[in-house]
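Enquirer: Contents of final09.cif (mmCIF, C-alpha atoms):
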data_work
#
loop_
_atom_site.label_atom_id
_atom_site.label_comp_id
_atom_site.auth_asym_id
_atom_site.auth_seq_id
_atom_site.Cartn_x
_atom_site.Cartn_y
_atom_site.Cartn_z
CA MET A 172 -30.51 -73.57 69.45
CA LEU A 173 -29.06 -73.12 65.94
CA THR A 174 -32.21 -71.75 64.32
CA GLU A 175 -32.85 -69.35 67.21
CA ALA A 176 -29.28 -68.02 67.12
CA LEU A 177 -29.43 -67.57 63.34
CA THR A 178 -32.75 -65.74 63.64
CA THR A 179 -31.27 -63.38 66.24
CA SER A 180 -28.29 -62.84 63.97
CA ALA A 181 -30.57 -62.11 61.00
CA LEU A 182 -32.61 -59.61 63.01
CA LEU A 183 -29.46 -57.87 64.22
CA PHE A 184 -28.10 -57.70 60.68
CA VAL A 185 -31.34 -56.20 59.34
CA ILE A 186 -31.39 -53.61 62.16
CA GLY A 187 -27.79 -52.72 61.31
CA THR A 188 -28.55 -52.41 57.59
CA PHE A 189 -31.59 -50.28 58.30
CA GLY A 190 -29.54 -48.03 60.58
CA VAL A 191 -26.84 -47.51 57.95
CA LEU A 192 -29.46 -46.64 55.35
CA VAL A 193 -31.60 -44.37 57.52
CA ARG A 194 -29.27 -42.43 59.81
CA ARG A 195 -27.04 -39.61 58.52
CA ASN A 196 -24.78 -39.22 61.53
CA ALA A 197 -21.43 -40.76 60.52
CA ILE A 198 -20.71 -42.16 63.99
CA ILE A 199 -24.15 -43.82 64.28
CA MET A 200 -23.65 -45.30 60.80
CA PHE A 201 -20.33 -46.65 62.04
CA LEU A 202 -22.02 -48.19 65.08
CA CYS A 203 -24.57 -49.81 62.79
CA ILE A 204 -21.78 -51.32 60.70
CA GLU A 205 -20.37 -52.77 63.93
CA LEU A 206 -23.84 -54.20 64.60
CA GLN A 207 -23.75 -55.91 61.22
CA LEU A 208 -20.29 -57.33 61.92
CA ASN A 209 -21.61 -58.65 65.23
CA ALA A 210 -24.56 -60.28 63.54
CA VAL A 211 -22.20 -62.12 61.20
CA ASN A 212 -20.03 -63.13 64.16
CA LEU A 213 -23.07 -64.50 65.93
CA ALA A 214 -24.00 -66.61 62.89
CA LEU A 215 -20.41 -67.92 62.63
CA VAL A 216 -20.31 -68.87 66.33
CA ALA A 217 -23.74 -70.53 66.07
CA PHE A 218 -22.53 -72.69 63.17
CA SER A 219 -19.19 -73.41 64.85
CA ARG A 220 -21.13 -75.08 67.68
CA TYR A 221 -22.12 -77.81 65.22
CA VAL A 222 -19.58 -77.73 62.39
CA GLY A 223 -16.18 -77.17 64.00
CA VAL A 224 -14.02 -74.64 65.76
CA GLU A 225 -12.85 -72.88 62.56
CA GLY A 226 -15.86 -70.57 62.76
CA GLN A 227 -14.54 -69.18 66.03
CA VAL A 228 -11.14 -68.52 64.43
CA PHE A 229 -12.88 -66.46 61.74
CA VAL A 230 -14.78 -64.54 64.42
CA PHE A 231 -11.41 -63.77 66.01
CA PHE A 232 -10.16 -62.31 62.73
CA VAL A 233 -13.38 -60.35 62.17
CA MET A 234 -12.97 -58.76 65.61
CA THR A 235 -9.38 -57.72 64.85
CA VAL A 236 -10.36 -56.19 61.53
CA ALA A 237 -13.30 -54.42 63.22
CA ALA A 238 -10.93 -52.91 65.78
CA ALA A 239 -8.55 -51.68 63.05
CA GLU A 240 -11.47 -50.36 61.01
CA ALA A 241 -12.92 -48.50 63.99
CA ALA A 242 -9.58 -46.84 64.74
CA VAL A 243 -8.99 -45.67 61.15
CA GLY A 244 -12.64 -44.73 60.56
CA LEU A 245 -12.88 -42.64 63.70
CA ALA A 246 -9.62 -40.90 62.79
CA ILE A 247 -11.14 -40.02 59.40
CA ILE A 248 -14.30 -38.73 61.10
CA ILE A 249 -12.23 -36.54 63.44
CA SER A 250 -10.27 -35.20 60.49
CA ILE A 251 -13.50 -34.43 58.57
CA PHE A 252 -15.10 -32.84 61.64
CA ARG A 253 -12.16 -30.44 61.94
CA HIS A 254 -12.93 -29.18 58.46
CA TYR A 255 -16.74 -29.17 58.30
CA ARG A 256 -17.72 -28.86 62.02
CA THR A 257 -20.30 -31.59 61.52
CA VAL A 258 -20.48 -35.37 61.18
CA ASN A 259 -23.56 -35.41 58.96
CA VAL A 260 -22.61 -37.43 55.87
CA ASP A 261 -24.75 -35.26 53.57
CA ASN A 262 -22.12 -32.54 53.91
CA PHE A 263 -19.18 -34.75 52.95
CA ASN A 264 -18.38 -34.22 49.30
CA LEU A 265 -14.64 -33.63 49.05
CA LEU A 266 -11.94 -36.27 48.93
CA LYS A 267 -9.17 -33.77 49.57
CA TRP A 268 -8.91 -30.11 50.57
CA MET B 36 -33.16 -73.16 81.34
CA GLU B 37 -30.57 -72.53 78.64
CA LEU B 38 -33.28 -71.69 76.16
CA ILE B 39 -34.91 -69.22 78.57
CA LEU B 40 -31.53 -67.54 79.11
CA PHE B 41 -31.00 -67.52 75.37
CA TYR B 42 -34.31 -65.76 74.78
CA VAL B 43 -33.51 -63.16 77.46
CA PHE B 44 -30.18 -62.44 75.77
CA ALA B 45 -31.72 -62.46 72.29
CA VAL B 46 -34.34 -59.90 73.34
CA THR B 47 -31.67 -57.62 74.84
CA VAL B 48 -29.52 -58.00 71.70
CA VAL B 49 -32.35 -57.00 69.38
CA GLY B 50 -33.67 -54.34 71.77
CA GLY B 51 -30.21 -52.82 72.10
CA GLY B 52 -29.86 -52.85 68.31
CA ILE B 53 -33.17 -51.02 67.90
CA GLY B 54 -32.04 -48.55 70.58
CA VAL B 55 -28.84 -47.82 68.63
CA VAL B 56 -30.81 -46.93 65.51
CA ALA B 57 -33.69 -45.16 67.25
CA SER B 58 -32.08 -42.95 69.89
CA ARG B 59 -31.22 -39.40 68.88
CA ASN B 60 -28.43 -38.83 71.38
CA PRO B 61 -25.19 -40.48 70.12
CA VAL B 62 -24.07 -41.28 73.69
CA ALA B 63 -27.37 -43.09 74.34
CA SER B 64 -26.89 -44.98 71.06
CA LEU B 65 -23.47 -46.04 72.26
CA MET B 66 -24.80 -47.27 75.60
CA PHE B 67 -27.47 -49.32 73.80
CA MET B 68 -24.67 -50.73 71.65
CA VAL B 69 -22.72 -51.81 74.76
CA VAL B 70 -25.84 -53.57 76.09
CA SER B 71 -26.28 -55.32 72.74
CA LEU B 72 -22.63 -56.41 72.55
CA ALA B 73 -22.60 -57.70 76.13
CA SER B 74 -25.72 -59.75 75.40
CA VAL B 75 -24.06 -61.18 72.30
CA ALA B 76 -21.25 -62.26 74.64
CA GLY B 77 -23.90 -64.00 76.77
CA ILE B 78 -25.15 -65.89 73.71
CA TYR B 79 -21.53 -66.87 72.94
CA VAL B 80 -21.31 -68.44 76.42
CA LEU B 81 -24.52 -70.37 75.78
CA LEU B 82 -23.04 -71.57 72.48
CA GLU B 83 -19.93 -72.77 74.40
CA ALA B 84 -17.58 -70.19 72.81
CA HIS B 85 -16.13 -69.08 76.15
CA PHE B 86 -12.93 -67.53 74.85
CA LEU B 87 -14.79 -65.43 72.30
CA ALA B 88 -17.26 -64.30 74.96
CA ALA B 89 -14.38 -62.96 77.06
CA ILE B 90 -12.81 -61.29 74.01
CA GLN B 91 -16.17 -59.82 73.05
CA VAL B 92 -16.59 -58.16 76.45
CA MET B 93 -12.98 -56.96 76.72
CA VAL B 94 -12.24 -55.87 73.16
CA TYR B 95 -15.65 -54.98 71.72
CA ALA B 96 -17.77 -53.80 74.63
CA GLY B 97 -14.66 -52.48 76.38
CA ALA B 98 -11.99 -51.09 74.07
CA ILE B 99 -13.80 -50.32 70.81
CA MET B 100 -16.84 -48.77 72.50
CA VAL B 101 -14.61 -46.60 74.71
CA LEU B 102 -12.87 -45.43 71.53
CA PHE B 103 -16.25 -44.45 70.09
CA LEU B 104 -17.18 -42.71 73.35
CA PHE B 105 -13.90 -40.77 73.29
CA VAL B 106 -14.60 -39.57 69.76
CA ILE B 107 -18.23 -38.60 70.52
CA MET B 108 -17.11 -36.64 73.56
CA LEU B 109 -14.10 -35.15 71.77
CA LEU B 110 -16.38 -33.85 69.01
CA ASN B 111 -18.92 -32.77 71.65
CA LEU B 112 -21.80 -34.64 70.00
CA GLY B 113 -23.42 -35.58 73.32
CA HIS B 114 -25.79 -32.61 73.11
CA ASP B 115 -26.53 -33.15 69.46
CA TYR B 116 -30.22 -34.04 69.30
CA ARG B 117 -30.71 -32.88 65.74
CA ASP B 118 -32.77 -35.07 63.47
CA ASP B 119 -30.40 -36.88 61.11
CA LEU B 120 -32.76 -39.24 59.30
CA VAL B 121 -33.02 -39.59 55.55
CA ARG B 122 -36.36 -38.58 54.07
CA GLY B 123 -38.68 -39.35 51.17
CA LEU B 124 -37.64 -41.87 48.57
CA TYR B 125 -34.45 -42.79 50.43
CA ALA B 126 -36.41 -43.79 53.54
CA VAL B 127 -38.76 -45.91 51.43
CA CYS B 128 -35.74 -47.55 49.79
CA ALA B 129 -34.25 -48.24 53.22
CA PHE B 130 -37.43 -50.02 54.32
CA VAL B 131 -37.60 -52.00 51.06
CA VAL B 132 -33.93 -53.07 51.20
CA SER B 133 -34.02 -54.16 54.85
CA GLY B 134 -37.36 -55.90 54.31
CA ALA B 135 -35.90 -57.78 51.33
CA ILE B 136 -32.83 -58.87 53.33
CA CYS B 137 -35.11 -59.97 56.18
CA GLY B 138 -37.24 -62.00 53.77
CA ILE B 139 -34.24 -63.66 52.09
CA LEU B 140 -32.70 -64.59 55.45
CA ALA B 141 -36.03 -65.91 56.77
CA THR B 142 -36.47 -68.25 53.81
CA ARG B 143 -32.85 -69.44 54.09
CA PHE B 144 -32.85 -70.11 57.84
CA GLY B 145 -36.24 -71.81 58.05
CA GLY B 146 -35.15 -75.42 57.55
CA THR B 147 -31.57 -75.35 58.85
CA GLU B 148 -31.99 -78.14 61.40
CA THR B 149 -33.88 -80.45 59.04
CA SER B 150 -31.60 -80.10 56.00
CA PRO B 151 -29.47 -83.11 54.96
CA LEU B 152 -26.30 -81.02 55.33
CA TYR B 153 -27.05 -80.56 59.04
CA GLU B 154 -26.92 -84.34 59.54
CA SER B 155 -23.35 -84.46 58.21
CA PHE B 156 -22.03 -82.02 60.86
CA PRO B 157 -20.08 -83.40 63.83
CA GLY B 158 -22.79 -81.99 66.07
CA ALA B 159 -22.90 -80.33 69.47
CA ALA B 160 -22.03 -83.50 71.41
CA ALA B 161 -18.71 -83.95 69.59
CA MET B 162 -17.85 -80.30 70.13
CA ASP B 163 -18.67 -80.59 73.85
CA LEU B 164 -16.36 -83.60 74.13
CA GLU B 165 -13.51 -81.71 72.46
CA LEU B 166 -14.12 -78.67 74.66
CA ALA B 167 -14.02 -80.76 77.83
CA GLU B 168 -10.85 -82.50 76.67
CA ARG B 169 -8.83 -79.45 75.62
CA GLY B 170 -10.33 -76.40 77.27
CA ALA B 171 -11.76 -73.22 75.80
CA VAL B 172 -8.48 -71.47 74.91
CA SER B 173 -6.60 -74.47 73.54
CA LEU B 174 -9.58 -75.32 71.35
CA ILE B 175 -9.26 -72.08 69.39
CA ALA B 176 -5.47 -71.72 69.75
CA ARG B 177 -4.58 -74.88 67.83
CA PRO B 178 -6.17 -73.98 64.48
CA LEU B 179 -5.15 -70.35 65.00
CA PHE B 180 -1.46 -71.18 65.30
CA GLN B 181 -1.34 -74.10 62.85
CA GLU B 182 -3.67 -73.80 59.86
CA TYR B 183 -4.31 -70.07 60.16
CA VAL B 184 -0.91 -68.86 61.30
CA VAL B 185 -0.25 -66.80 58.13
CA PRO B 186 -3.54 -64.84 58.37
CA PHE B 187 -2.81 -64.42 62.07
CA GLU B 188 0.57 -62.80 61.38
CA ILE B 189 -0.94 -60.65 58.62
CA THR B 190 -3.43 -59.43 61.23
CA GLY B 191 -0.46 -58.07 63.18
CA ILE B 192 0.67 -56.07 60.14
CA LEU B 193 -2.89 -54.84 59.63
CA LEU B 194 -3.07 -53.56 63.20
CA LEU B 195 0.29 -51.80 62.82
CA VAL B 196 -0.88 -50.12 59.61
CA ALA B 197 -4.14 -49.13 61.31
CA VAL B 198 -2.30 -47.57 64.26
CA VAL B 199 0.02 -45.56 61.99
CA GLY B 200 -2.88 -44.58 59.73
CA ALA B 201 -5.09 -43.48 62.61
CA VAL B 202 -2.35 -41.31 64.11
CA ALA B 203 -1.45 -39.81 60.73
CA LEU B 204 -5.10 -39.03 59.89
CA ALA B 205 -6.18 -37.63 63.23
CA LYS B 206 -3.19 -35.44 64.01
CA LYS B 207 -3.45 -31.70 63.52
CA ARG B 208 -1.75 -30.14 60.50
CA VAL B 209 1.79 -29.15 61.39
#
So that I can check it, write out the structure of this file as structure tokens.

Expert:
Amino acid sequence: MLTEALTTSALLFVIGTFGVLVRRNAIIMFLCIELQLNAVNLALVAFSRYVGVEGQVFVFFVMTVAAAEAAVGLAIIISIFRHYRTVNVDNFNLLKW
Amino acid sequence: MELILFYVFAVTVVGGGIGVVASRNPVASLMFMVVSLASVAGIYVLLEAHFLAAIQVMVYAGAIMVLFLFVIMLLNLGHDYRDDLVRGLYAVCAFVVSGAICGILATRFGGTETSPLYESFPGAAAMDLELAERGAVSLIARPLFQEYVVPFEITGILLLVAVVGAVALAKKRV
């Protein structure tokens, strides 16, 4: 099942990359980054089935970092939305106002 | 049987992923994402990572996605069907880059189960034995609290910083 799981993970990662590159809505881009993180997690779990349980520990850490990243990122998006009234990343060009 | 289940889950994972990128309504994107994440949890169960499957459903498909839903509804993006795709050269670049990544990954993953490195792994049977002996939670808890205890504690600091940062960033100017 290793090859199949890795193929699924690769497909998911490519879909996530494509989404980040193609969409301009900041929240959808964020979701696509989460998709990429999930693809990596899937690959780690697939390998941990054969190599050892350490892979699952790393997945645990990746999930924690993803949660922290989502919280801070969404707070930034809310803060930007208050100023620009949009979440389209083409309009974001100031670091501070 | 397991392989059939795996393929069902794999199709929903990839289909959900395509739905996230393709749907114009952000709330629909989010729902596709939940489907995709729940199916990933199903694959985790098939790969005998039971603890991570539970965490995946509770933390990812539950907490993080609800956070996203809150933000989408707070910003009132649910009615936002505007086209937000990149155009022209950027779109071509996007296709080229994702195609290149796909190609690289395909050539790397092709011979995983026949490579000499694969033979040196403990293998699924040894992992099953350990899982039966110690249980799903104990299996991941031991390395987490012995070898990786310092990163684990640093994770706590990271979460604290993230909470403070999120509150400080999202609050209205006083």

Enquirer: To one decimal place in Å, what is the distance between atom CA of B:Ser74 and atom CA of A:Leu173?

Expert: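 That distance, rounded to one decimal, is 16.7 Å.
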
Enquirer: As an exercise, work out the distance from atom CA of A:Ala239 to atom CA of B:Gly191 in Å and give it to one decimal place.

Expert: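 Going from atom CA of A:Ala239 over to atom CA of B:Gly191, I get 10.3 Å.
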
Enquirer: I'd like to see the residues matched by the PyMOL selection byres ((chain A) within 8 of (chain B)) on this file, and ideally I'd get them as a PyMOL selection string.

Expert: chain A and resi 172-174+176-179+181-183+185-190+192-196+198-199+202-203+206+209+213+216-217+220-225+227-228+230-232+234-236+238-247+249-250+252+259

Enquirer: Can you measure atom CA of A:Asn212 to atom CA of B:His85 for me? One decimal in Å is fine.

Expert: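 That distance, rounded to one decimal, is 13.9 Å.
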
Enquirer: Would you mind listing what lies within 12 Å of A:Leu266 as a PyMOL selection string, with all atoms listed in the file counted and same-chain residues fewer than 2 positions away left out?

Expert: chain A and resi 247+250-251+254+262-264+268

Enquirer: Okay, now the selection with C-alpha atoms, as an mmCIF file, keeping the file's coordinate frame?

Expert:
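Printed below is result_38.cif as written:
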data_model
loop_
_atom_site.group_PDB
_atom_site.id
_atom_site.type_symbol
_atom_site.label_atom_id
_atom_site.label_comp_id
_atom_site.auth_asym_id
_atom_site.auth_seq_id
_atom_site.Cartn_x
_atom_site.Cartn_y
_atom_site.Cartn_z
ATOM 1 C CA ILE A 247 -11.140 -40.020 59.400
ATOM 2 C CA SER A 250 -10.270 -35.200 60.490
ATOM 3 C CA ILE A 251 -13.500 -34.430 58.570
ATOM 4 C CA HIS A 254 -12.930 -29.180 58.460
ATOM 5 C CA ASN A 262 -22.120 -32.540 53.910
ATOM 6 C CA PHE A 263 -19.180 -34.750 52.950
ATOM 7 C CA ASN A 264 -18.380 -34.220 49.300
ATOM 8 C CA TRP A 268 -8.910 -30.110 50.570
#

Enquirer: May I have the centre and edge lengths, in Å to one decimal, of an axis-aligned box around the listed atoms of stretch 211-229 of chain A with 6 Å added to every side, as lines of an AutoDock Vina configuration file?

Expert:
center_x = -17.6
center_y = -70.0
center_z = 64.4
size_x = 24.9
size_y = 27.7
size_z = 18.5
